[in-house]
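Colleague: Could you have a look at this structure, given as structure tokens, before my questions?
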Amino acid sequence: MAPDPASAARGVRWSSIVTVLGALLVVAVSVFSLLRGRTWAWIPLVLAGAVALREIRYLQRTDQRRDAPR
């Protein structure tokens with residue numbers, strides 16, 4: 001039996017997705033600032049990239065746990 005798409009949408013952690021999108025926006029602005037010669041932009045670039053990576057890995061781990069046999 002195929003999983004219900006509605007139940008899959010309810011299981012999405014929207015706060016994590018918003019966090020990833022916000023971090024990617026900060027990364028994009030930081031890259032633009034770096035291209036304009038602002039060396040201080042490395043700091044938010046690294047921090048936002050780390051936050052986005054952590055949230056993506058968290059989402060992957062929770063998805064694997066949900067799909068694991070019980």
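Going through the structure tokens in order, the chains are called A, B, and so on, while each chain numbers its residues from 1 and the ligands are numbered from 1 in the order shown.
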Would you mind writing down, as JSON, numbers by chain, each residue of chain A that DSSP on the backbone assigns to alpha helix (DSSP H)?
Modeller: {"A": [5, 6, 7, 8, 9, 10, 14, 15, 16, 17, 18, 19, 20, 21, 22, 23, 24, 25, 26, 27, 28, 29, 30, 31, 32, 33, 34, 35, 42, 43, 44, 45, 46, 47, 48, 49, 50, 51, 52, 53, 54, 55, 56, 57, 58, 59, 60, 61, 62, 63, 64, 65, 66, 67]}
Colleague: Can I get the selected residues back with N, CA and C atoms, as a compact mmCIF listing (two decimals), in the first residue's frame?
Modeller:
# COMPACT_ATOMS: atom_id res chain seq x y z
N PRO A 5 0.05 10.80 0.84
CA PRO A 5 0.82 12.05 0.72
C PRO A 5 0.45 13.08 1.78
N ALA A 6 -0.79 13.07 2.23
CA ALA A 6 -1.20 14.04 3.24
C ALA A 6 -0.50 13.78 4.56
N SER A 7 -0.32 12.50 4.91
CA SER A 7 0.37 12.20 6.17
C SER A 7 1.84 12.54 6.06
N ALA A 8 2.43 12.41 4.88
CA ALA A 8 3.83 12.77 4.70
C ALA A 8 4.01 14.28 4.86
N ALA A 9 3.06 15.06 4.38
CA ALA A 9 3.15 16.52 4.51
C ALA A 9 3.02 16.94 5.97
N ARG A 10 2.22 16.20 6.75
CA ARG A 10 2.08 16.54 8.17
C ARG A 10 3.36 16.24 8.94
N TRP A 14 8.45 22.01 9.41
CA TRP A 14 8.48 23.27 8.68
C TRP A 14 9.47 24.24 9.28
N SER A 15 9.66 24.22 10.58
CA SER A 15 10.62 25.14 11.20
C SER A 15 12.04 24.85 10.71
N SER A 16 12.36 23.57 10.51
CA SER A 16 13.69 23.22 10.00
C SER A 16 13.85 23.66 8.55
N ILE A 17 12.79 23.52 7.77
CA ILE A 17 12.86 23.93 6.37
C ILE A 17 13.03 25.45 6.27
N VAL A 18 12.32 26.18 7.10
CA VAL A 18 12.46 27.64 7.11
C VAL A 18 13.87 28.03 7.56
N THR A 19 14.42 27.31 8.53
CA THR A 19 15.78 27.57 8.99
C THR A 19 16.78 27.37 7.86
N VAL A 20 16.62 26.28 7.10
CA VAL A 20 17.53 26.00 5.98
C VAL A 20 17.40 27.10 4.93
N LEU A 21 16.19 27.48 4.58
CA LEU A 21 16.00 28.52 3.57
C LEU A 21 16.57 29.86 4.03
N GLY A 22 16.38 30.20 5.29
CA GLY A 22 16.96 31.44 5.82
C GLY A 22 18.47 31.42 5.81
N ALA A 23 19.04 30.27 6.18
CA ALA A 23 20.51 30.16 6.17
C ALA A 23 21.04 30.26 4.75
N LEU A 24 20.34 29.66 3.79
CA LEU A 24 20.79 29.75 2.41
C LEU A 24 20.69 31.18 1.88
N LEU A 25 19.71 31.93 2.35
CA LEU A 25 19.61 33.34 1.98
C LEU A 25 20.80 34.13 2.53
N VAL A 26 21.17 33.85 3.77
CA VAL A 26 22.33 34.52 4.36
C VAL A 26 23.60 34.13 3.60
N VAL A 27 23.71 32.87 3.20
CA VAL A 27 24.86 32.42 2.42
C VAL A 27 24.94 33.19 1.11
N ALA A 28 23.80 33.34 0.44
CA ALA A 28 23.78 34.04 -0.84
C ALA A 28 24.19 35.51 -0.67
N VAL A 29 23.69 36.17 0.36
CA VAL A 29 24.06 37.57 0.60
C VAL A 29 25.54 37.67 0.96
N SER A 30 26.03 36.70 1.72
CA SER A 30 27.45 36.71 2.09
C SER A 30 28.35 36.51 0.88
N VAL A 31 27.97 35.61 -0.01
CA VAL A 31 28.76 35.40 -1.23
C VAL A 31 28.77 36.67 -2.07
N PHE A 32 27.62 37.32 -2.18
CA PHE A 32 27.55 38.59 -2.92
C PHE A 32 28.47 39.63 -2.28
N SER A 33 28.45 39.69 -0.94
CA SER A 33 29.32 40.64 -0.24
C SER A 33 30.79 40.31 -0.42
N LEU A 34 31.12 39.02 -0.42
CA LEU A 34 32.51 38.61 -0.66
C LEU A 34 32.96 39.02 -2.06
N LEU A 35 32.08 38.87 -3.02
CA LEU A 35 32.43 39.26 -4.39
C LEU A 35 32.65 40.77 -4.51
N TRP A 42 32.98 36.43 5.38
CA TRP A 42 33.31 35.01 5.60
C TRP A 42 32.65 34.49 6.87
N ILE A 43 32.54 35.33 7.88
CA ILE A 43 32.00 34.88 9.18
C ILE A 43 30.54 34.44 9.06
N PRO A 44 29.63 35.29 8.56
CA PRO A 44 28.25 34.81 8.43
C PRO A 44 28.10 33.71 7.40
N LEU A 45 28.98 33.69 6.39
CA LEU A 45 28.93 32.63 5.39
C LEU A 45 29.19 31.28 6.03
N VAL A 46 30.23 31.19 6.83
CA VAL A 46 30.57 29.91 7.48
C VAL A 46 29.50 29.52 8.50
N LEU A 47 29.06 30.48 9.30
CA LEU A 47 28.04 30.17 10.32
C LEU A 47 26.72 29.72 9.69
N ALA A 48 26.25 30.44 8.68
CA ALA A 48 24.99 30.08 8.04
C ALA A 48 25.11 28.75 7.30
N GLY A 49 26.25 28.52 6.67
CA GLY A 49 26.46 27.24 6.00
C GLY A 49 26.44 26.08 6.98
N ALA A 50 27.05 26.28 8.15
CA ALA A 50 27.06 25.23 9.18
C ALA A 50 25.65 24.96 9.70
N VAL A 51 24.87 26.01 9.91
CA VAL A 51 23.50 25.84 10.38
C VAL A 51 22.66 25.10 9.35
N ALA A 52 22.79 25.47 8.09
CA ALA A 52 22.03 24.81 7.02
C ALA A 52 22.41 23.34 6.93
N LEU A 53 23.69 23.05 6.98
CA LEU A 53 24.15 21.67 6.90
C LEU A 53 23.64 20.85 8.08
N ARG A 54 23.68 21.42 9.27
CA ARG A 54 23.19 20.71 10.47
C ARG A 54 21.70 20.40 10.36
N GLU A 55 20.92 21.36 9.89
CA GLU A 55 19.48 21.15 9.77
C GLU A 55 19.15 20.12 8.69
N ILE A 56 19.89 20.16 7.58
CA ILE A 56 19.65 19.18 6.51
C ILE A 56 19.96 17.78 7.01
N ARG A 57 21.08 17.63 7.73
CA ARG A 57 21.42 16.31 8.27
C ARG A 57 20.40 15.86 9.30
N TYR A 58 19.89 16.78 10.11
CA TYR A 58 18.85 16.44 11.09
C TYR A 58 17.59 15.94 10.38
N LEU A 59 17.18 16.65 9.33
CA LEU A 59 16.00 16.22 8.59
C LEU A 59 16.19 14.85 7.96
N GLN A 60 17.39 14.58 7.46
CA GLN A 60 17.67 13.27 6.87
C GLN A 60 17.62 12.17 7.93
N ARG A 61 18.18 12.44 9.11
CA ARG A 61 18.17 11.42 10.17
C ARG A 61 16.75 11.12 10.63
N THR A 62 15.93 12.15 10.81
CA THR A 62 14.56 11.90 11.26
C THR A 62 13.76 11.18 10.19
N ASP A 63 14.04 11.45 8.93
CA ASP A 63 13.34 10.77 7.85
C ASP A 63 13.73 9.29 7.82
N GLN A 64 15.00 8.98 8.05
CA GLN A 64 15.45 7.59 8.08
C GLN A 64 14.84 6.85 9.26
N ARG A 65 14.72 7.49 10.40
CA ARG A 65 14.10 6.84 11.57
C ARG A 65 12.62 6.57 11.32
N ARG A 66 11.96 7.47 10.62
CA ARG A 66 10.54 7.29 10.36
C ARG A 66 10.31 6.12 9.40
N ASP A 67 11.23 5.91 8.46
CA ASP A 67 11.09 4.84 7.47
C ASP A 67 11.61 3.49 7.98
